[in-house]
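Visitor: Handing you this structure, nothing more for now.
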Amino acid sequence: MSVNWQDPSFLLSMIAIFGTIFTYFKHDRKIKAQEKLINDYQLGKIEQEKIQKKQAVLRASLIVGNKGHRILRIYNKGKAIARNVRLIIKDEPDNLYGTNPFPFPALNEHENVDIYIWGHQIIYHSKSYGMTNIKQIILIFRL
């Protein structure tokens with residue numbers, strides 16, 4: 001059996017085979033590039049979840065109670081235990097609250113501590129200091 005290089009059907013078959021092989025490798029390269037992007041994204045997400053599991057995220061909110069009483073609720077929104085939680089109030093007025101439970105030894109995930117405040121108008125401001133794990137909450141009391 002001899003190959004006739006002048007036969008148009010043979011030439012078209014060879015062009016189709018080479019075109020198929022070229023398309024396969026080109027498509028395979030695109031798929032591998034997409035898989036690499038997806039894998040990098042998933043690895044980054046897993047690393048972020050690992051970091052979040054090790055961090056305690058403290059938040060505070062001011063809740064209006066009955067008859068003008070206010071409740072300062074400090075809670076742990078993170079997935080790790082917050083240790084040695086402190087509340088420092090500079091120039092605090094007399095008779096600000098009943099009992100101050102701080103420094104609090106540990107605050108588990110989704111736990112909170114309430115401080116009952118009465119008789120003061122309060123302006124609330126919150127600020128976070130990046131990687132130092134210090135959460136500053138500024139309360140301004142107006143008599």
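Each chain of the structure tokens is named A, B, ... in the order shown, its residues numbered from 1; ligands are numbered from 1 in display order.
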Please provide as a list in words all residues within 12 Å of segment 14-30 of chain A, with the sequence filter that same-chain residues fewer than 6 positions apart are discarded (counting only C-alpha atoms).

Guide: Val3, Trp5, Asp7, Pro8, Lys36 and Leu37 of chain A

Visitor: For the residues in the current selection, export C-alpha atoms as a short mmCIF file (atom, residue, chain, number, x, y, z; two decimals), in the first residue's frame.

Guide:
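Result file is part.cif:
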```cif
data_model
loop_
_atom_site.label_atom_id
_atom_site.label_comp_id
_atom_site.auth_asym_id
_atom_site.auth_seq_id
_atom_site.Cartn_x
_atom_site.Cartn_y
_atom_site.Cartn_z
CA VAL A 3 0.58 6.79 0.07
CA TRP A 5 0.60 12.62 -1.53
CA ASP A 7 -4.70 12.71 -3.30
CA PRO A 8 -6.86 15.59 -1.97
CA LYS A 36 -3.83 26.49 38.48
CA LEU A 37 -5.78 29.72 39.12
#
```

Visitor: Quick one: distance from atom CA of Ile81 of chain A to atom CA of Ala60 of chain A in Å, one decimal?

Guide: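 Straight-line distance from atom CA of Ile81 of chain A to atom CA of Ala60 of chain A works out to 16.0 Å.
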
Visitor: Atom CA of Leu87 of chain A to atom CA of Gly65 of chain A: how many Å, to one decimal?

Guide: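 Taking atom CA of Leu87 of chain A as the start and atom CA of Gly65 of chain A as the end point, the length is 20.7 Å.
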
Visitor: What's around Glu49 of chain A at 12 Å? Count only C-alpha atoms, leave out sequence neighbours fewer than 5 positions away in its own chain, and write the answer as an mmCIF file with N, CA and C atoms, in the first residue's frame.

Guide:
```
data_model
loop_
_atom_site.group_PDB
_atom_site.id
_atom_site.type_symbol
_atom_site.label_atom_id
_atom_site.label_comp_id
_atom_site.auth_asym_id
_atom_site.auth_seq_id
_atom_site.Cartn_x
_atom_site.Cartn_y
_atom_site.Cartn_z
ATOM 1 N N GLN A 42 -8.185 28.521 45.925
ATOM 2 C CA GLN A 42 -8.636 27.641 47.013
ATOM 3 C C GLN A 42 -7.586 27.548 48.120
ATOM 4 N N LEU A 43 -6.302 27.496 47.756
ATOM 5 C CA LEU A 43 -5.247 27.465 48.773
ATOM 6 C C LEU A 43 -5.222 28.758 49.580
ATOM 7 N N GLY A 44 -5.407 29.878 48.912
ATOM 8 C CA GLY A 44 -5.465 31.160 49.614
ATOM 9 C C GLY A 44 -6.643 31.232 50.572
ATOM 10 N N LYS A 54 -7.605 31.120 64.267
ATOM 11 C CA LYS A 54 -6.671 31.436 65.344
ATOM 12 C C LYS A 54 -6.894 32.830 65.920
ATOM 13 N N GLN A 55 -7.851 33.599 65.378
ATOM 14 C CA GLN A 55 -8.042 34.971 65.813
ATOM 15 C C GLN A 55 -9.347 35.133 66.581
ATOM 16 N N GLY A 78 -15.064 36.204 66.862
ATOM 17 C CA GLY A 78 -14.079 35.341 66.203
ATOM 18 C C GLY A 78 -14.274 33.875 66.543
ATOM 19 N N LYS A 79 -13.390 33.051 66.020
ATOM 20 C CA LYS A 79 -13.477 31.607 66.223
ATOM 21 C C LYS A 79 -12.511 31.103 67.288
ATOM 22 N N ALA A 80 -11.689 31.980 67.833
ATOM 23 C CA ALA A 80 -10.728 31.587 68.863
ATOM 24 C C ALA A 80 -11.132 32.227 70.195
#
```

Visitor: Considering only C-alpha atoms, return as a short mmCIF file (atom, residue, chain, number, x, y, z; two decimals) with C-alpha atoms, in the first residue's frame whatever protein or nucleic-acid residues lie within 7 Å of Ser61 of chain A, sequence-local ones (same chain, fewer than 2 positions apart) excluded.

Guide:
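The result, stored in selection.cif:
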```
data_model
loop_
_atom_site.label_atom_id
_atom_site.label_comp_id
_atom_site.auth_asym_id
_atom_site.auth_seq_id
_atom_site.Cartn_x
_atom_site.Cartn_y
_atom_site.Cartn_z
CA ARG A 59 -16.71 43.82 69.11
CA ILE A 63 -27.74 48.78 73.58
CA LEU A 72 -22.30 48.07 76.83
CA ARG A 73 -22.05 44.58 75.33
CA ILE A 74 -18.59 43.29 74.53
#
```

Visitor: In Å, with one decimal, what is the gap from atom CA of Arg70 of chain A to atom CA of Ile117 of chain A?

Guide: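 Straight-line distance from atom CA of Arg70 of chain A to atom CA of Ile117 of chain A works out to 5.0 Å.
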